[in-house]
$ cat data12.txt   # compact mmCIF, C-alpha atoms and all ligand atoms
# COMPACT_ATOMS: atom_id res chain seq x y z
CA MET J 7 0.00 0.00 0.00
CA GLY J 8 2.79 2.43 -0.85
CA GLU J 9 0.83 4.73 -3.14
CA PHE J 10 -0.12 7.24 -0.45
CA GLU J 11 1.87 10.36 0.39
CA ASN J 12 0.06 11.64 3.46
CA ILE J 13 -1.24 8.51 5.17
CA ASP J 14 0.27 5.14 6.09
CA LEU J 15 -1.74 1.95 5.93
CA VAL J 16 -0.72 -1.20 7.78
CA VAL J 17 -2.88 -4.30 8.09
CA LYS J 18 -2.25 -6.36 11.20
CA GLU J 19 -4.38 -9.38 12.16
CA GLY J 20 -7.40 -8.09 10.22
CA ILE J 21 -7.07 -4.53 11.56
CA LEU J 22 -6.14 -1.67 9.25
CA ILE J 23 -4.17 1.00 11.06
CA LEU J 24 -4.58 4.24 9.11
CA THR J 25 -2.05 6.83 10.27
CA ILE J 26 -2.26 10.45 9.15
CA ASN J 27 1.38 11.16 8.43
CA ARG J 28 2.26 14.87 8.19
CA PRO J 29 3.84 15.31 11.63
CA ASP J 30 5.76 18.47 10.64
CA LYS J 31 2.34 20.06 10.00
CA MET J 32 0.69 18.54 13.07
CA ASN J 33 -0.95 16.06 10.67
CA ALA J 34 -3.16 18.86 9.29
CA LEU J 35 -5.60 17.63 6.64
CA ASN J 36 -4.86 19.12 3.26
CA VAL J 37 -7.22 18.20 0.43
CA ALA J 38 -4.80 15.54 -0.84
CA THR J 39 -4.91 13.83 2.57
CA VAL J 40 -8.71 13.89 2.61
CA GLU J 41 -8.72 12.22 -0.82
CA GLU J 42 -6.29 9.57 0.39
CA ILE J 43 -8.60 8.88 3.34
CA ARG J 44 -11.46 8.46 0.84
CA THR J 45 -9.44 5.97 -1.23
CA ALA J 46 -8.40 4.06 1.89
CA PHE J 47 -11.99 3.76 3.15
CA ARG J 48 -13.26 2.60 -0.25
CA ARG J 49 -10.71 -0.17 0.14
CA VAL J 50 -11.98 -0.92 3.65
CA TYR J 51 -15.50 -1.35 2.24
CA ASP J 52 -14.28 -3.81 -0.43
CA ASP J 53 -11.37 -5.73 1.10
CA ASN J 54 -12.47 -8.87 2.94
CA GLU J 55 -9.13 -9.09 4.72
CA ILE J 56 -9.89 -5.86 6.61
CA LYS J 57 -12.27 -6.47 9.52
CA GLY J 58 -11.91 -3.16 11.36
CA VAL J 59 -10.00 0.13 11.30
CA ILE J 60 -8.01 2.28 13.70
CA VAL J 61 -7.44 5.90 12.64
CA THR J 62 -4.53 7.65 14.34
CA GLY J 63 -1.90 10.36 13.85
CA GLU J 64 1.87 10.10 13.43
CA GLY J 65 4.15 11.32 16.22
CA PRO J 66 3.68 12.19 19.88
CA LYS J 67 2.00 15.61 19.53
CA ALA J 68 -0.97 15.55 17.18
CA PHE J 69 -3.80 13.31 16.07
CA VAL J 70 -4.81 15.95 13.51
CA ALA J 71 -4.58 19.71 14.23
CA GLY J 72 -7.31 20.61 11.76
CA ALA J 73 -7.79 21.24 8.10
CA ASP J 74 -4.70 22.75 6.49
CA ILE J 75 -5.06 26.47 7.17
CA SER J 76 -2.71 27.36 4.30
CA GLU J 77 -5.27 25.87 1.88
CA ILE J 78 -8.35 27.21 3.66
CA ALA J 79 -7.03 30.76 3.44
CA ALA J 80 -7.63 30.84 -0.34
CA LEU J 81 -11.25 29.66 -0.31
CA ASN J 82 -14.15 31.74 -1.64
CA GLU J 83 -17.91 31.23 -1.20
CA MET J 84 -18.30 28.81 -4.09
CA ASN J 85 -15.32 26.54 -3.54
CA GLY J 86 -15.70 26.90 0.23
CA ARG J 87 -19.07 25.18 0.05
CA LYS J 88 -17.61 22.47 -2.17
CA PHE J 89 -14.66 22.06 0.23
CA SER J 90 -17.12 21.49 3.06
CA GLU J 91 -19.35 19.11 1.07
CA ASN J 92 -16.35 17.11 -0.05
CA GLY J 93 -15.05 16.64 3.50
CA GLN J 94 -18.55 15.80 4.72
CA GLU J 95 -18.81 13.12 2.04
CA VAL J 96 -15.50 11.48 3.02
CA PHE J 97 -16.32 11.58 6.72
CA ALA J 98 -19.78 10.09 6.01
CA LEU J 99 -17.95 7.19 4.36
CA ILE J 100 -16.22 6.63 7.71
CA GLU J 101 -19.36 7.06 9.82
CA ASN J 102 -21.41 4.71 7.64
CA CYS J 103 -18.72 2.06 7.28
CA HIS J 104 -20.16 -1.38 8.03
CA LYS J 105 -16.88 -2.38 9.70
CA PRO J 106 -15.96 -0.93 13.12
CA VAL J 107 -13.82 2.22 13.05
CA LEU J 108 -11.97 3.43 16.18
CA ALA J 109 -10.13 6.71 16.55
CA ALA J 110 -6.88 6.43 18.55
CA ILE J 111 -6.41 10.08 19.51
CA ASN J 112 -2.76 10.52 20.37
CA GLY J 113 -2.57 14.32 20.72
CA TYR J 114 -4.22 17.48 19.39
CA ALA J 115 -7.61 16.77 17.77
CA LEU J 116 -8.61 20.25 16.66
CA GLY J 117 -11.02 21.46 14.00
CA GLY J 118 -11.05 18.89 11.19
CA GLY J 119 -9.12 16.54 13.47
CA CYS J 120 -11.85 16.61 16.08
CA GLU J 121 -14.36 16.17 13.24
CA LEU J 122 -12.40 13.17 11.91
CA ALA J 123 -12.44 11.59 15.36
CA MET J 124 -16.18 12.25 15.69
CA ALA J 125 -16.86 10.52 12.35
CA CYS J 126 -15.31 7.33 13.78
CA HIS J 127 -17.61 4.96 15.69
CA ILE J 128 -15.64 4.89 18.96
CA ARG J 129 -12.98 7.28 20.31
CA ILE J 130 -10.12 6.40 22.64
CA ALA J 131 -7.66 9.13 23.61
CA SER J 132 -4.29 9.22 25.35
CA SER J 133 -4.23 11.46 28.41
CA ASN J 134 -2.22 14.18 26.59
CA ALA J 135 -4.89 14.57 23.87
CA LYS J 136 -6.63 17.92 23.49
CA PHE J 137 -9.92 18.56 21.74
CA GLY J 138 -11.46 21.67 20.27
CA LEU J 139 -13.30 23.29 17.39
CA PRO J 140 -11.44 26.62 17.12
CA GLU J 141 -12.73 27.56 13.64
CA VAL J 142 -14.46 30.78 14.77
CA SER J 143 -10.99 32.12 15.61
CA LEU J 144 -10.28 31.90 11.87
CA GLY J 145 -13.62 33.42 10.82
CA ILE J 146 -15.12 30.11 9.75
CA ILE J 147 -17.15 27.31 11.34
CA PRO J 148 -16.59 23.55 11.50
CA GLY J 149 -17.30 22.31 7.96
CA TYR J 150 -16.60 18.59 7.99
CA GLY J 151 -19.75 17.66 9.94
CA GLY J 152 -18.57 19.03 13.28
CA THR J 153 -21.55 21.28 14.03
CA GLN J 154 -23.79 18.24 13.69
CA ARG J 155 -21.72 15.46 15.26
CA LEU J 156 -20.50 17.46 18.29
CA THR J 157 -24.11 18.40 19.05
CA GLN J 158 -25.15 14.76 18.69
CA LEU J 159 -22.35 13.53 20.96
CA VAL J 160 -22.34 16.07 23.80
CA GLY J 161 -25.69 17.88 23.53
CA LYS J 162 -26.53 21.34 22.28
CA GLY J 163 -25.50 23.50 25.24
CA LYS J 164 -21.97 22.17 25.59
CA ALA J 165 -21.52 21.96 21.80
CA MET J 166 -22.54 25.62 21.48
CA GLU J 167 -20.04 26.57 24.18
CA LEU J 168 -17.16 24.67 22.57
CA MET J 169 -17.92 25.98 19.07
CA MET J 170 -18.46 29.59 20.21
CA THR J 171 -15.46 29.89 22.52
CA GLY J 172 -13.14 27.68 20.46
CA ASP J 173 -11.71 26.48 23.77
CA MET J 174 -9.53 23.38 23.97
CA ILE J 175 -10.47 20.72 26.48
CA SER J 176 -8.45 17.88 28.00
CA ALA J 177 -8.92 14.19 27.27
CA GLU J 178 -10.46 13.72 30.72
CA GLU J 179 -12.98 16.51 30.15
CA ALA J 180 -13.77 15.09 26.72
CA ARG J 181 -14.43 11.75 28.40
CA SER J 182 -16.71 13.28 31.00
CA LEU J 183 -18.71 14.94 28.19
CA GLY J 184 -19.05 11.71 26.21
CA LEU J 185 -16.88 13.04 23.41
CA VAL J 186 -14.41 10.20 23.98
CA ASN J 187 -15.23 6.73 25.26
CA HIS J 188 -12.03 6.00 27.20
CA VAL J 189 -8.73 7.61 28.11
CA ALA J 190 -5.51 5.56 27.99
CA THR J 191 -3.07 6.75 30.62
CA THR J 192 -0.01 6.76 28.38
CA GLN J 193 0.56 7.06 24.65
CA ASP J 194 2.18 3.61 24.71
CA GLU J 195 -1.07 2.12 25.96
CA LEU J 196 -3.24 3.84 23.35
CA LEU J 197 -2.88 1.52 20.35
CA PRO J 198 -2.91 -1.70 22.41
CA THR J 199 -6.10 -0.49 24.14
CA CYS J 200 -7.71 0.21 20.74
CA GLU J 201 -6.52 -3.08 19.30
CA ALA J 202 -7.90 -5.03 22.26
CA MET J 203 -11.32 -3.42 21.87
CA LEU J 204 -11.32 -3.88 18.11
CA HIS J 205 -10.34 -7.56 18.40
CA LYS J 206 -13.27 -8.03 20.76
CA ILE J 207 -15.61 -6.39 18.23
CA ILE J 208 -14.34 -8.20 15.13
CA ALA J 209 -14.82 -11.55 16.88
CA LYS J 210 -18.58 -10.80 16.90
CA ALA J 211 -20.94 -11.43 13.97
CA PRO J 212 -19.77 -8.96 11.27
CA LEU J 213 -23.15 -8.47 9.59
CA ALA J 214 -24.72 -7.70 12.97
CA ILE J 215 -21.98 -5.16 13.69
CA GLY J 216 -22.72 -3.44 10.37
CA MET J 217 -26.38 -3.28 11.27
CA VAL J 218 -25.60 -1.73 14.65
CA VAL J 219 -23.82 1.03 12.71
CA SER J 220 -26.72 1.68 10.33
CA CYS J 221 -29.36 1.55 13.09
CA ALA J 222 -27.44 3.92 15.39
CA ASN J 223 -26.87 6.31 12.50
CA ALA J 224 -30.58 6.13 11.61
CA VAL J 225 -31.32 8.09 14.80
CA TYR J 226 -29.68 11.09 13.15
CA THR J 227 -31.07 10.63 9.64
CA PRO J 228 -34.03 12.98 9.11
CA GLY J 229 -37.04 11.19 7.67
CA GLU J 230 -35.77 7.73 8.55
CA ASN J 231 -37.82 5.67 10.99
CA GLY J 232 -35.06 4.17 13.12
CA PHE J 233 -37.39 1.68 14.81
CA GLN J 234 -38.40 0.36 11.39
CA THR J 235 -34.73 0.21 10.36
CA GLU J 236 -34.06 -1.76 13.54
CA ALA J 237 -36.88 -4.24 12.93
CA ASN J 238 -35.82 -4.73 9.29
CA SER J 239 -32.21 -5.22 10.33
CA PHE J 240 -33.19 -7.64 13.09
CA GLY J 241 -35.12 -9.66 10.51
CA SER J 242 -32.12 -9.63 8.18
CA CYS J 243 -29.89 -10.92 10.98
CA CYS J 244 -32.24 -13.85 11.50
CA LYS J 245 -31.61 -15.15 7.99
CA THR J 246 -27.80 -15.22 8.34
CA GLU J 247 -25.52 -18.22 8.88
CA ASP J 248 -23.88 -16.25 11.69
CA PHE J 249 -27.18 -16.14 13.57
CA LYS J 250 -27.45 -19.95 13.35
CA GLU J 251 -23.82 -20.26 14.44
CA GLY J 252 -24.12 -17.78 17.33
CA THR J 253 -27.23 -19.33 18.82
CA ALA J 254 -25.96 -22.90 18.27
CA ALA J 255 -22.61 -22.08 19.88
CA PHE J 256 -24.38 -20.67 22.95
CA LEU J 257 -26.56 -23.74 23.32
CA GLU J 258 -23.57 -26.06 22.77
CA LYS J 259 -21.48 -24.05 25.27
CA ARG J 260 -18.69 -23.25 22.78
CA THR J 261 -17.15 -20.14 21.18
CA PRO J 262 -18.90 -19.13 17.95
CA ASN J 263 -16.97 -19.04 14.70
CA PHE J 264 -18.57 -16.26 12.64
CA LYS J 265 -17.97 -16.03 8.91
CA GLY J 266 -19.85 -12.84 8.03
CA GLU J 267 -22.43 -14.84 6.07
N1 LIG J 301 -2.91 23.85 9.19
C1 LIG J 301 -1.69 24.08 8.65
N2 LIG J 301 -0.55 24.01 9.35
C2 LIG J 301 -0.65 23.70 10.65
C3 LIG J 301 -1.88 23.47 11.29
C4 LIG J 301 -3.04 23.55 10.50
N3 LIG J 301 -4.26 23.31 11.00
N4 LIG J 301 -1.65 23.20 12.60
C5 LIG J 301 -0.32 23.27 12.77
N5 LIG J 301 0.29 23.58 11.60
C6 LIG J 301 1.73 23.76 11.34
C7 LIG J 301 2.24 25.08 11.89
O1 LIG J 301 1.96 26.13 10.99
C8 LIG J 301 3.71 24.76 12.00
O2 LIG J 301 4.29 24.81 10.71
P1 LIG J 301 5.74 25.48 10.48
O3 LIG J 301 6.68 24.65 11.30
O4 LIG J 301 5.96 25.34 9.01
O5 LIG J 301 5.65 26.89 10.97
C9 LIG J 301 3.73 23.29 12.43
O6 LIG J 301 2.46 22.76 12.03
C10 LIG J 301 3.89 23.10 13.92
O7 LIG J 301 2.86 23.83 14.60
P2 LIG J 301 3.15 24.88 15.78
O8 LIG J 301 2.01 25.85 15.83
O9 LIG J 301 4.52 25.46 15.63
O10 LIG J 301 3.14 23.90 17.03
P3 LIG J 301 2.72 24.24 18.54
O11 LIG J 301 3.11 23.04 19.33
O12 LIG J 301 3.28 25.57 18.94
O13 LIG J 301 1.12 24.39 18.51
C11 LIG J 301 -1.15 23.77 17.87
C12 LIG J 301 0.30 23.29 18.18
C13 LIG J 301 -1.91 22.55 17.36
C14 LIG J 301 -1.79 24.29 19.16
C15 LIG J 301 -1.12 24.88 16.82
O14 LIG J 301 -0.35 24.42 15.72
C16 LIG J 301 -2.47 25.30 16.29
O15 LIG J 301 -3.18 26.03 16.95
N6 LIG J 301 -2.85 24.84 15.08
C17 LIG J 301 -4.04 25.25 14.40
C18 LIG J 301 -5.26 24.62 15.03
C19 LIG J 301 -6.52 25.10 14.32
O16 LIG J 301 -6.91 26.24 14.34
N7 LIG J 301 -7.19 24.13 13.67
C20 LIG J 301 -8.44 24.37 13.01
C21 LIG J 301 -8.23 24.52 11.56
S1 LIG J 301 -9.78 24.69 10.74
$ encode --input "data12.txt" --output "structure tokens"
Amino acid sequence: MGEFENIDLVVKEGILILTINRPDKMNALNVATVEEIRTAFRRVYDDNEIKGVIVTGEGPKAFVAGADISEIAALNEMNGRKFSENGQEVFALIENCHKPVLAAINGYALGGGCELAMACHIRIASSNAKFGLPEVSLGIIPGYGGTQRLTQLVGKGKAMELMMTGDMISAEEARSLGLVNHVATTQDELLPTCEAMLHKIIAKAPLAIGMVVSCANAVYTPGENGFQTEANSFGSCCKTEDFKEGTAAFLEKRTPNFKGE
């Protein structure tokens, strides 16, 4: 997978570790990096060898310190809207992925970096991580889904405060708000903690995991009846081989061997 300039991809025991790799720019997301993330996630959708994904940042300081401000500075109304829609589209690819996606937040997760983390299904941070949506300091607003996903994750009042003040918060505060699921004490523990959780998830029935993603996302899809989506998905689960295997394994007191069928 050597065709990428701004990200590294390594597959290890069914887990793709996607590392944003621009440490001299605090892993800021330029447009080329966003396109590489799109290409990588298309591969995740199609590649049966990949069972789950961890998104992280290179180096000890930053997960991703935002969209690349040197590119943003040149935007006008027309291409600014397109810039936002394009990032939203790529991050929706992450959010809607039928395979589990964890963010391993190893440092600054600001602006587009916080938005990238929020597009992932589960967030685990190291204790040095810092979170914030400081866009108003630049005269813009979060444009990669952040106004929506932060409000969904932490509620309107706190989201308003964070987006209006642009304040940075600690990993522990982010955890207390529900913005991150867990905090790993040291950076060394971060990836192993993520890998352990992801191995637990990918040992479950893969089709059921994909349906958890679509049902949870249905809550936030205007016009979609999430309860109906749930009932339809439940029905679909009942016709899978994995359902037969999971229930049989329980009754036979053995570990199930799911095949994603
Ligand atoms: N876009 C472009 N370049 C960025 C960047 C971004 N979002 N964030 C950091 N960089 C660059 C800096 O310009 C600097 O480049 P240089 O060495 O060529 O001058 C390099 O990364 C290191 O950053 P620096 O600011 O020197 O590190 P620091 O440790 O003093 O501060 C931050 C770290 C993250 C607090 C600070 O870089 C920052 O505030 N970044 C912008 C955050 C932001 O507003 N993000 C939202 C964008 S929409």
$ closest_atom_pairs --input "data12.txt" --of "chain J" --to "ligand LIG 301 (chain J)" --cutoff "7 Å" --atoms "all atoms listed in the file" --output "Markdown table"
| residue | atom | partner | partner_atom | distance |
| --- | --- | --- | --- | --- |
| J:Asp30 | CA | J:LIG301 | C9 | 5.5 |
| J:Lys31 | CA | J:LIG301 | O6 | 3.4 |
| J:Met32 | CA | J:LIG301 | O6 | 4.7 |
| J:Ala34 | CA | J:LIG301 | C4 | 4.8 |
| J:Ala71 | CA | J:LIG301 | N4 | 4.8 |
| J:Gly72 | CA | J:LIG301 | N7 | 4.0 |
| J:Ala73 | CA | J:LIG301 | S1 | 4.8 |
| J:Asp74 | CA | J:LIG301 | N1 | 3.4 |
| J:Ile75 | CA | J:LIG301 | N1 | 3.9 |
| J:Ser76 | CA | J:LIG301 | C1 | 5.5 |
| J:Tyr114 | CA | J:LIG301 | C13 | 5.9 |
| J:Leu116 | CA | J:LIG301 | N7 | 5.1 |
| J:Gly117 | CA | J:LIG301 | C20 | 4.0 |
| J:Gly118 | CA | J:LIG301 | S1 | 6.0 |
| J:Leu139 | CA | J:LIG301 | C20 | 6.6 |
| J:Pro140 | CA | J:LIG301 | O16 | 5.3 |
| J:Glu141 | CA | J:LIG301 | S1 | 5.0 |
| J:Pro148 | CA | J:LIG301 | S1 | 6.9 |
$ atom_distance --input "data12.txt" --atom1 "atom CA of J:Glu267" --atom2 "atom CA of J:Thr246"
5.8 Å
$ axis_aligned_box --input "data12.txt" --around "stretch 123-127 of chain J" --padding-each-side "8 Å" --output "AutoDock Vina command-line options"
--center_x -15.0 --center_y 8.6 --center_z 14.0 --size_x 21.2 --size_y 23.3 --size_z 19.3
$ closest_residue --input "data12.txt" --among "J:Gln94, J:Ser239, J:Thr45, J:Asn82" --to "J:Ile215" --atoms "all atoms listed in the file"
J:Ser239
$ atom_distance --input "data12.txt" --atom1 "atom CA of J:Gln193" --atom2 "atom CA of J:Met174"
19.2 Å
